[in-house]
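Dropping input33.csv in here (CSV, C-alpha atoms):
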chain,number,residue,atom,x,y,z
A,1,MET,CA,15.1,60.8,85.5
A,2,MET,CA,18.3,59.8,83.9
A,3,LEU,CA,21.5,60.9,82.1
A,4,HIS,CA,20.6,60.8,78.4
A,5,GLU,CA,23.7,62.0,76.5
A,6,ILE,CA,27.3,63.0,77.2
A,7,TYR,CA,29.4,65.3,75.0
A,8,ILE,CA,32.9,66.6,75.0
A,9,TYR,CA,34.6,69.2,72.9
A,10,PRO,CA,38.4,68.3,72.9
A,11,ILE,CA,39.2,71.6,71.2
A,12,LYS,CA,37.2,74.6,72.6
A,13,SER,CA,34.5,75.7,70.2
A,14,THR,CA,34.9,72.9,67.6
A,15,LYS,CA,32.3,70.2,66.8
A,16,ALA,CA,30.9,68.0,69.6
A,17,TYR,CA,32.1,64.5,70.3
A,18,LYS,CA,29.4,62.2,71.7
A,19,ILE,CA,30.5,59.5,74.2
A,20,SER,CA,28.6,57.0,76.3
A,21,GLN,CA,30.6,57.4,79.5
A,22,SER,CA,33.2,59.7,80.9
A,23,ILE,CA,35.6,60.1,83.7
A,24,VAL,CA,34.8,63.2,85.7
A,25,GLN,CA,37.8,65.1,86.9
A,26,MET,CA,37.7,68.1,89.1
A,27,GLN,CA,38.4,70.4,86.2
A,28,GLY,CA,35.7,68.8,84.0
A,29,LEU,CA,35.0,65.8,81.9
A,30,ASN,CA,38.1,63.9,80.8
A,31,PHE,CA,39.4,65.4,77.5
A,32,ASP,CA,36.8,68.2,77.4
A,33,ARG,CA,38.3,71.5,76.2
A,34,GLU,CA,41.8,70.4,77.0
A,35,PHE,CA,42.9,72.2,73.8
A,36,MET,CA,42.1,75.6,72.5
A,37,LEU,CA,43.0,77.8,69.5
A,38,THR,CA,44.3,81.3,70.2
A,39,ASP,CA,45.6,84.3,68.2
A,40,LEU,CA,49.3,84.9,68.1
A,41,ASN,CA,49.0,86.9,71.4
A,42,GLY,CA,47.4,84.0,73.2
A,43,LYS,CA,43.8,85.4,73.2
A,44,PHE,CA,41.3,82.6,72.8
A,45,ILE,CA,39.1,82.4,69.6
A,46,THR,CA,35.7,80.8,69.3
A,47,ALA,CA,33.0,80.1,66.7
A,48,ARG,CA,31.3,83.3,67.9
A,49,THR,CA,33.7,85.1,65.4
A,50,HIS,CA,35.4,82.2,63.6
A,51,SER,CA,32.7,80.0,62.0
A,52,THR,CA,35.4,77.9,60.4
A,53,LEU,CA,36.0,76.3,63.9
A,54,TYR,CA,32.8,74.3,63.2
A,55,GLU,CA,34.6,72.7,60.3
A,56,LEU,CA,36.9,70.9,62.7
A,57,PHE,CA,36.2,67.6,64.5
A,58,ALA,CA,38.7,66.5,67.1
A,59,PHE,CA,38.9,63.3,69.2
A,60,PRO,CA,41.4,62.0,71.8
A,61,ILE,CA,44.0,59.4,70.8
A,62,ALA,CA,46.4,57.4,73.1
A,63,GLN,CA,49.2,60.1,73.1
A,64,GLY,CA,47.4,63.2,72.0
A,65,ILE,CA,44.6,64.3,69.7
A,66,GLU,CA,43.6,63.9,66.1
A,67,ILE,CA,41.9,66.7,64.2
A,68,HIS,CA,39.8,66.2,61.1
A,69,HIS,CA,38.7,68.9,58.7
A,70,LYS,CA,35.4,68.8,56.7
A,71,ASN,CA,37.5,68.5,53.4
A,72,GLY,CA,38.7,65.1,54.6
A,73,SER,CA,42.2,66.1,55.6
A,74,PHE,CA,43.5,65.4,59.1
A,75,ILE,CA,46.4,65.8,61.4
A,76,ARG,CA,47.6,63.7,64.3
A,77,ILE,CA,49.2,65.6,67.2
A,78,GLN,CA,51.0,64.2,70.2
A,79,TYR,CA,51.4,65.8,73.6
A,80,GLN,CA,55.2,65.9,73.0
A,81,ASP,CA,54.5,68.3,70.1
A,82,PHE,CA,53.8,71.1,72.6
A,83,LEU,CA,57.2,72.6,73.1
A,84,TYR,CA,57.0,75.6,75.4
A,85,SER,CA,54.8,77.4,77.8
A,86,ARG,CA,53.2,80.8,77.3
A,87,ASN,CA,50.4,82.8,78.9
A,88,ASN,CA,47.0,82.8,77.3
A,89,GLU,CA,43.7,84.5,78.0
A,90,VAL,CA,40.1,83.2,78.3
A,91,TRP,CA,37.4,85.8,79.3
A,92,GLY,CA,39.9,87.9,81.3
A,93,ASP,CA,41.6,84.9,82.9
A,94,HIS,CA,45.3,84.8,82.3
A,95,PHE,CA,47.2,81.6,82.9
A,96,PRO,CA,49.9,79.4,81.2
A,97,SER,CA,49.4,76.8,78.6
A,98,LEU,CA,51.7,74.9,76.1
A,99,VAL,CA,52.0,75.9,72.5
A,100,ALA,CA,52.2,73.4,69.6
A,101,LYS,CA,54.9,73.2,66.9
A,102,GLN,CA,54.8,75.7,64.1
A,103,GLU,CA,53.9,73.1,61.4
A,104,ILE,CA,50.8,72.2,63.5
A,105,ASN,CA,49.8,75.8,63.9
A,106,GLN,CA,50.3,76.4,60.2
A,107,TRP,CA,48.0,73.5,59.3
A,108,LEU,CA,45.3,75.0,61.5
A,109,THR,CA,46.0,78.5,60.2
A,110,ASP,CA,45.3,77.3,56.7
A,111,LYS,CA,42.0,75.7,57.8
A,112,ILE,CA,40.8,78.5,60.0
A,113,LYS,CA,41.9,81.2,57.6
A,114,ASP,CA,43.5,83.2,60.3
A,115,ASN,CA,46.8,83.1,62.2
A,116,VAL,CA,46.3,80.8,65.1
A,117,GLN,CA,48.1,78.7,67.7
A,118,LEU,CA,47.0,75.4,69.2
A,119,ARG,CA,47.3,75.4,73.0
A,120,TRP,CA,47.2,72.4,75.4
A,121,LEU,CA,46.4,72.8,79.1
A,122,GLY,CA,49.2,70.4,80.1
A,123,GLU,CA,48.7,67.6,82.6
A,124,GLN,CA,46.9,69.9,85.0
A,125,SER,CA,45.1,73.1,84.3
A,126,GLN,CA,46.6,76.2,86.0
A,127,ARG,CA,43.4,78.1,85.7
A,128,LYS,CA,41.2,78.8,88.8
A,129,ILE,CA,37.5,79.3,88.7
A,130,LYS,CA,36.4,82.8,89.5
A,131,HIS,CA,34.6,82.9,92.9
A,132,TYR,CA,35.6,79.3,93.5
A,133,PRO,CA,39.5,79.5,93.7
A,134,GLU,CA,39.8,76.1,95.3
A,135,TYR,CA,38.7,74.5,92.0
A,136,ASN,CA,40.5,74.4,88.6
A,137,VAL,CA,38.8,74.6,85.2
A,138,SER,CA,39.8,73.8,81.6
A,139,PHE,CA,39.6,76.1,78.6
A,140,ALA,CA,35.8,76.1,79.1
A,141,ASP,CA,34.2,79.6,79.2
A,142,GLY,CA,34.0,79.6,83.0
A,143,TYR,CA,32.9,76.4,84.7
A,144,PRO,CA,33.8,72.7,84.3
A,145,ILE,CA,30.5,71.2,83.1
A,146,LEU,CA,27.3,72.4,81.5
A,147,LEU,CA,24.1,70.5,82.1
A,148,CYS,CA,21.0,70.8,79.9
A,149,THR,CA,17.7,69.0,80.0
A,150,GLU,CA,15.6,67.6,77.1
A,151,GLU,CA,12.4,69.2,78.6
A,152,SER,CA,13.9,72.7,78.6
A,153,LEU,CA,14.9,72.2,74.9
A,154,GLU,CA,11.4,71.1,74.1
A,155,LYS,CA,10.0,74.2,75.7
A,156,VAL,CA,12.3,76.4,73.7
A,157,LYS,CA,11.4,74.5,70.5
A,158,SER,CA,7.7,75.0,71.2
A,159,GLU,CA,8.2,78.8,71.3
A,160,CYS,CA,10.9,79.2,68.7
A,161,PRO,CA,10.1,79.9,65.0
A,162,THR,CA,13.3,78.4,63.8
A,163,GLU,CA,14.3,74.7,64.0
A,164,ILE,CA,17.0,74.2,66.6
A,165,THR,CA,19.0,71.3,68.2
A,166,MET,CA,20.5,70.7,71.6
A,167,LEU,CA,24.0,70.9,70.2
A,168,GLN,CA,23.5,74.7,69.5
A,169,PHE,CA,23.7,75.0,73.4
A,170,ARG,CA,26.9,72.9,73.6
A,171,PRO,CA,26.1,70.8,76.6
A,172,ASN,CA,28.3,68.3,78.4
A,173,VAL,CA,25.6,66.3,80.0
A,174,VAL,CA,21.9,66.1,78.8
A,175,ILE,CA,19.4,64.7,81.2
A,176,LYS,CA,15.7,63.9,80.9
A,177,GLY,CA,12.7,63.4,83.2
A,178,TYR,CA,12.2,66.8,84.8
A,179,SER,CA,10.0,69.8,84.0
A,180,ALA,CA,11.3,72.6,81.8
A,181,PHE,CA,13.8,74.9,83.5
A,182,SER,CA,13.4,73.2,86.9
A,183,GLU,CA,17.2,72.6,86.8
A,184,GLN,CA,17.7,76.3,87.6
A,185,ASN,CA,16.4,75.7,91.1
A,186,TRP,CA,18.7,72.8,92.0
A,187,HIS,CA,21.7,73.4,94.3
A,188,GLU,CA,23.4,70.0,94.6
A,189,ILE,CA,22.8,67.0,92.4
A,190,GLN,CA,24.2,63.5,91.9
A,191,ILE,CA,24.8,61.6,88.7
A,192,GLY,CA,25.8,58.0,89.3
A,193,ASN,CA,28.3,58.3,92.2
A,194,VAL,CA,29.5,61.8,91.3
A,195,LYS,CA,28.1,64.8,93.2
A,196,PHE,CA,27.9,68.3,91.5
A,197,LEU,CA,27.4,71.8,92.8
A,198,HIS,CA,25.2,74.1,90.7
A,199,THR,CA,26.9,77.5,90.6
A,200,HIS,CA,24.4,79.4,88.6
A,201,PRO,CA,22.3,79.1,85.4
A,202,CYS,CA,24.2,79.6,82.1
A,203,THR,CA,23.7,82.9,80.4
A,204,ARG,CA,23.6,82.5,76.6
A,205,CYS,CA,25.1,84.5,73.7
A,206,ILE,CA,24.9,84.8,70.0
A,207,LEU,CA,26.8,81.4,69.5
A,208,THR,CA,23.5,79.7,70.2
A,209,THR,CA,22.2,81.0,66.8
A,210,ARG,CA,25.0,79.4,64.7
A,211,ASN,CA,23.6,76.4,62.8
A,212,ILE,CA,25.8,73.4,63.5
A,213,TYR,CA,25.3,72.0,60.0
A,214,THR,CA,25.7,75.2,57.8
A,215,ASN,CA,27.9,77.2,60.2
A,216,GLN,CA,25.7,80.2,59.5
A,217,LEU,CA,24.1,82.6,62.1
A,218,ASP,CA,20.4,82.5,62.1
A,219,PRO,CA,19.0,85.7,60.5
A,220,LYS,CA,16.3,86.0,63.1
A,221,ALA,CA,18.9,85.5,66.0
A,222,GLU,CA,17.1,82.4,67.1
A,223,PRO,CA,16.9,80.7,69.6
A,224,PHE,CA,18.6,83.7,71.4
A,225,ARG,CA,15.5,85.9,70.9
A,226,THR,CA,13.1,83.2,72.2
A,227,LEU,CA,15.2,82.7,75.3
A,228,LYS,CA,15.2,86.5,75.9
A,229,ARG,CA,11.4,86.3,75.8
A,230,ILE,CA,10.7,83.2,77.9
A,231,ASN,CA,13.6,82.6,80.3
A,232,THR,CA,15.9,85.3,81.6
A,233,ASN,CA,17.7,86.2,84.8
A,234,GLU,CA,17.0,89.4,86.9
A,235,ASN,CA,19.2,91.4,84.5
A,236,GLY,CA,17.2,90.2,81.4
A,237,LYS,CA,20.0,87.9,80.1
A,238,PRO,CA,18.7,84.7,78.4
A,239,LEU,CA,19.3,81.4,80.3
A,240,PHE,CA,19.6,77.8,79.2
A,241,GLY,CA,21.3,75.1,81.2
A,242,ILE,CA,23.2,75.2,84.4
A,243,ASN,CA,26.9,75.4,85.3
A,244,LEU,CA,28.3,72.6,87.5
A,245,ILE,CA,31.4,72.0,89.5
A,246,PRO,CA,32.3,68.4,90.4
A,247,MET,CA,32.6,67.7,94.1
A,248,ASN,CA,34.3,64.4,93.6
A,249,THR,CA,35.8,62.4,90.8
A,250,GLY,CA,34.3,59.3,89.3
A,251,ILE,CA,32.6,57.9,86.2
A,252,ILE,CA,29.3,58.9,84.7
A,253,LYS,CA,27.5,57.0,81.9
A,254,GLU,CA,24.4,57.1,79.8
A,255,GLY,CA,21.4,55.8,81.8
A,256,ASP,CA,22.8,56.8,85.2
A,257,GLU,CA,20.1,57.9,87.7
A,258,ILE,CA,19.9,61.6,88.6
A,259,LYS,CA,19.3,62.6,92.2
A,260,ILE,CA,18.5,66.1,93.4
A,261,LEU,CA,20.2,66.4,96.8
A,262,SER,CA,19.2,70.0,97.6
A,263,TYR,CA,17.5,73.1,96.2
A,264,LYS,CA,18.5,76.7,96.1
Show this structure as structure tokens.
Amino acid sequence: MMLHEIYIYPIKSTKAYKISQSIVQMQGLNFDREFMLTDLNGKFITARTHSTLYELFAFPIAQGIEIHHKNGSFIRIQYQDFLYSRNNEVWGDHFPSLVAKQEINQWLTDKIKDNVQLRWLGEQSQRKIKHYPEYNVSFADGYPILLCTEESLEKVKSECPTEITMLQFRPNVVIKGYSAFSEQNWHEIQIGNVKFLHTHPCTRCILTTRNIYTNQLDPKAEPFRTLKRINTNENGKPLFGINLIPMNTGIIKEGDEIKILSYK
């Protein structure tokens, strides 16, 4: 019963960046989804509709972020390159963020093949979590951290006609040592010295069907269809993984012990 893997996504909906340890902040893992691409009106875009986002790999540097494209080109961006604040929108949440210089946006527009702007949260996210307004969250879909288990993945694999990987579910933390889908019954857990509150299981969408290597959607809509068959909520929505809110800050690392503090 241990923490197996840790992933961050410095730019929302781009390739995963695997790390061995992370600082847990109240808004999520350090550097996770601190940046986001939007249209010119500030509405977020994701790989659900823009498969070219999976052609970008971003990682933190001392004073900002570096973005690499699959063609080998890259751009280095500093925090000081974000010049002014504008409102943006993520799943109906409207809050301010900082907009990058035009030459940066043009570089990304050329790669994404659509007019986009790069946004940065700033030193502190101004976005509140729905139903938990005392907590902030990054550009993530709704909650700071997504936990998945190896056993749940193996269960889906055993039922799914298409080969799948954990990264199709875009987890932050992957743990192992529990029975499949048992995580959905947890209420509070502890990883290392950090405690987390489980808000609710994560409902999944068509993004799970996008192949992380080819960027193509699976023609059989897998593993979405398999989840619809084997693991749904009371409304019939497919579930995989659980959404967590940190209850304190600290450091987590691969190999940390997992403790289940209470159950739902």
| task | Have a look at A:Ile251, A:Val194, A:Val156, A:Ala58 and name the one nearest to A:Asn30; count all atoms listed in the file. | result | A:Ile251
| Residue nearest A:Thr232 - candidates A:Lys43, A:Arg204, A:Arg210, A:Lys128, atoms counted: only C-alpha atoms |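 When distances to A:Thr232 are compared using only C-alpha atoms, the smallest one comes from A:Arg204.
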| query | So, counting all atoms listed in the file, which residue among A:Gly28, A:Gly72, A:Pro60, A:Gly122 is closest to A:Tyr84? | reply |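 Among A:Gly28, A:Gly72, A:Pro60, A:Gly122, it is A:Gly122 that comes nearest to A:Tyr84.
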| Contact residues around A:Thr165 with only C-alpha atoms at 12 Å, ignoring same-chain residues under 3 positions, as a PyMOL selection string | chain A and resi 148+150+152-154+156-157+160+162+168-171+208-213+222-223
| field | Pick from A:Asp39, A:Glu163, A:Glu34, A:Glu183, whichever lies nearest to A:Lys220 using all atoms listed in the file | value | A:Glu163
| query | Distance atom CA of A:Phe35-atom CA of A:Ile61, one decimal place? | reply | 13.2 Å
| task | Find the residues near A:Ser20: any atom within 12 Å, counting all atoms listed in the file, skip ones fewer than 4 places away on the same chain, and give them as a list in words. | result |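 Here the answer would be Leu3, His4, Glu5, Ile6, Tyr7, Ile8, Asn172, Val173, Val174, Ile251, Ile252, Lys253, Glu254, Gly255 and Asp256 of chain A.
Closest approach to A:Gln184 among A:Ala140, A:Ile260, A:Leu167, A:Cys205 is made by A:Ile260 (distances from all atoms listed in the file).
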| message | Measuring between only C-alpha atoms, which one of A:Glu66, A:Lys155, A:Ile242, A:Asp110 shows the shortest distance to A:His187? | response | A:Ile242
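A straight line drawn from atom CA of A:Trp120 to atom CA of A:Ile191 is 28.2 Å long.
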| field | Distance in Å - atom CA of A:Met26 versus atom CA of A:Gly142 | value | 13.5 Å
| field | Shell of 12 Å around A:Ser138, all atoms listed in the file, local chain residues under 3 positions omitted, as a ChimeraX atom specification | value | /A:8-12,25-36,89-90,93,95-97,119-129,135,141-145,245
Could you give me stretch 128-139 of chain A completed to all heavy atoms, formatted as an mmCIF file, in the frame of the given file?
data_model
loop_
_atom_site.group_PDB
_atom_site.id
_atom_site.type_symbol
_atom_site.label_atom_id
_atom_site.label_comp_id
_atom_site.auth_asym_id
_atom_site.auth_seq_id
_atom_site.Cartn_x
_atom_site.Cartn_y
_atom_site.Cartn_z
ATOM 1 N N LYS A 128 42.149 78.890 87.654
ATOM 2 C CA LYS A 128 41.200 78.800 88.800
ATOM 3 C C LYS A 128 39.856 79.334 88.385
ATOM 4 O O LYS A 128 39.744 80.234 87.554
ATOM 5 C CB LYS A 128 41.759 79.559 89.989
ATOM 6 C CG LYS A 128 43.135 79.094 90.459
ATOM 7 C CD LYS A 128 43.091 77.674 90.988
ATOM 8 C CE LYS A 128 44.433 77.240 91.543
ATOM 9 N NZ LYS A 128 44.402 75.840 92.039
ATOM 10 N N ILE A 129 38.807 78.801 89.012
ATOM 11 C CA ILE A 129 37.500 79.300 88.700
ATOM 12 C C ILE A 129 37.200 80.551 89.539
ATOM 13 O O ILE A 129 37.453 80.613 90.740
ATOM 14 C CB ILE A 129 36.412 78.218 89.138
ATOM 15 C CG1 ILE A 129 36.639 76.928 88.350
ATOM 16 C CG2 ILE A 129 34.999 78.740 88.899
ATOM 17 C CD1 ILE A 129 35.699 75.802 88.737
ATOM 18 N N LYS A 130 36.697 81.571 88.856
ATOM 19 C CA LYS A 130 36.400 82.800 89.500
ATOM 20 C C LYS A 130 35.292 82.520 90.615
ATOM 21 O O LYS A 130 34.316 81.815 90.364
ATOM 22 C CB LYS A 130 35.801 83.835 88.555
ATOM 23 C CG LYS A 130 36.843 84.361 87.573
ATOM 24 C CD LYS A 130 36.212 85.311 86.574
ATOM 25 C CE LYS A 130 37.254 85.834 85.603
ATOM 26 N NZ LYS A 130 36.666 86.718 84.564
ATOM 27 N N HIS A 131 35.501 83.055 91.799
ATOM 28 C CA HIS A 131 34.600 82.900 92.900
ATOM 29 C C HIS A 131 34.690 81.521 93.592
ATOM 30 O O HIS A 131 34.094 81.301 94.644
ATOM 31 C CB HIS A 131 33.143 83.202 92.557
ATOM 32 C CG HIS A 131 32.947 84.480 91.820
ATOM 33 N ND1 HIS A 131 33.309 85.702 92.349
ATOM 34 C CD2 HIS A 131 32.449 84.734 90.577
ATOM 35 C CE1 HIS A 131 33.027 86.666 91.476
ATOM 36 N NE2 HIS A 131 32.520 86.091 90.397
ATOM 37 N N TYR A 132 35.422 80.596 92.962
ATOM 38 C CA TYR A 132 35.600 79.300 93.500
ATOM 39 C C TYR A 132 37.115 78.895 93.357
ATOM 40 O O TYR A 132 37.439 77.951 92.653
ATOM 41 C CB TYR A 132 34.747 78.218 92.867
ATOM 42 C CG TYR A 132 33.269 78.460 93.044
ATOM 43 C CD1 TYR A 132 32.570 79.277 92.164
ATOM 44 C CD2 TYR A 132 32.567 77.863 94.091
ATOM 45 C CE1 TYR A 132 31.206 79.499 92.318
ATOM 46 C CE2 TYR A 132 31.206 78.079 94.256
ATOM 47 C CZ TYR A 132 30.531 78.899 93.364
ATOM 48 O OH TYR A 132 29.181 79.109 93.519
ATOM 49 N N PRO A 133 38.031 79.649 93.968
ATOM 50 C CA PRO A 133 39.500 79.500 93.700
ATOM 51 C C PRO A 133 40.060 78.168 94.122
ATOM 52 O O PRO A 133 41.193 77.848 93.754
ATOM 53 C CB PRO A 133 40.097 80.665 94.451
ATOM 54 C CG PRO A 133 39.118 80.991 95.537
ATOM 55 C CD PRO A 133 37.765 80.729 94.948
ATOM 56 N N GLU A 134 39.306 77.377 94.886
ATOM 57 C CA GLU A 134 39.800 76.100 95.300
ATOM 58 C C GLU A 134 39.665 75.041 94.168
ATOM 59 O O GLU A 134 40.173 73.927 94.264
ATOM 60 C CB GLU A 134 39.106 75.572 96.550
ATOM 61 C CG GLU A 134 37.632 75.276 96.386
ATOM 62 C CD GLU A 134 36.729 76.478 96.625
ATOM 63 O OE1 GLU A 134 37.146 77.616 96.345
ATOM 64 O OE2 GLU A 134 35.601 76.252 97.086
ATOM 65 N N TYR A 135 38.979 75.431 93.076
ATOM 66 C CA TYR A 135 38.700 74.500 92.000
ATOM 67 C C TYR A 135 39.456 75.023 90.707
ATOM 68 O O TYR A 135 39.530 76.232 90.457
ATOM 69 C CB TYR A 135 37.251 74.412 91.654
ATOM 70 C CG TYR A 135 36.440 73.770 92.747
ATOM 71 C CD1 TYR A 135 35.687 74.555 93.628
ATOM 72 C CD2 TYR A 135 36.397 72.392 92.903
ATOM 73 C CE1 TYR A 135 34.920 73.977 94.628
ATOM 74 C CE2 TYR A 135 35.630 71.799 93.903
ATOM 75 C CZ TYR A 135 34.901 72.604 94.761
ATOM 76 O OH TYR A 135 34.158 72.023 95.749
ATOM 77 N N ASN A 136 39.943 74.072 89.907
ATOM 78 C CA ASN A 136 40.500 74.400 88.600
ATOM 79 C C ASN A 136 39.470 74.177 87.519
ATOM 80 O O ASN A 136 38.467 73.503 87.721
ATOM 81 C CB ASN A 136 41.729 73.497 88.317
ATOM 82 C CG ASN A 136 42.921 73.831 89.184
ATOM 83 O OD1 ASN A 136 42.827 74.650 90.094
ATOM 84 N ND2 ASN A 136 44.036 73.204 88.912
ATOM 85 N N VAL A 137 39.729 74.735 86.344
ATOM 86 C CA VAL A 137 38.800 74.600 85.200
ATOM 87 C C VAL A 137 39.676 74.514 83.934
ATOM 88 O O VAL A 137 40.808 75.014 83.900
ATOM 89 C CB VAL A 137 37.781 75.702 85.142
ATOM 90 C CG1 VAL A 137 38.426 77.054 84.893
ATOM 91 C CG2 VAL A 137 36.713 75.403 84.089
ATOM 92 N N SER A 138 39.131 73.909 82.911
ATOM 93 C CA SER A 138 39.800 73.800 81.600
ATOM 94 C C SER A 138 39.756 75.050 80.829
ATOM 95 O O SER A 138 39.617 76.136 81.384
ATOM 96 C CB SER A 138 39.180 72.609 80.840
ATOM 97 O OG SER A 138 37.851 72.971 80.486
ATOM 98 N N PHE A 139 39.785 74.932 79.495
ATOM 99 C CA PHE A 139 39.600 76.100 78.600
ATOM 100 C C PHE A 139 38.142 76.448 78.429
ATOM 101 O O PHE A 139 37.807 77.285 77.591
ATOM 102 C CB PHE A 139 40.224 75.805 77.239
ATOM 103 C CG PHE A 139 41.733 75.793 77.210
ATOM 104 C CD1 PHE A 139 42.410 74.738 76.613
ATOM 105 C CD2 PHE A 139 42.472 76.825 77.742
ATOM 106 C CE1 PHE A 139 43.792 74.720 76.547
ATOM 107 C CE2 PHE A 139 43.859 76.820 77.692
ATOM 108 C CZ PHE A 139 44.531 75.766 77.090
#
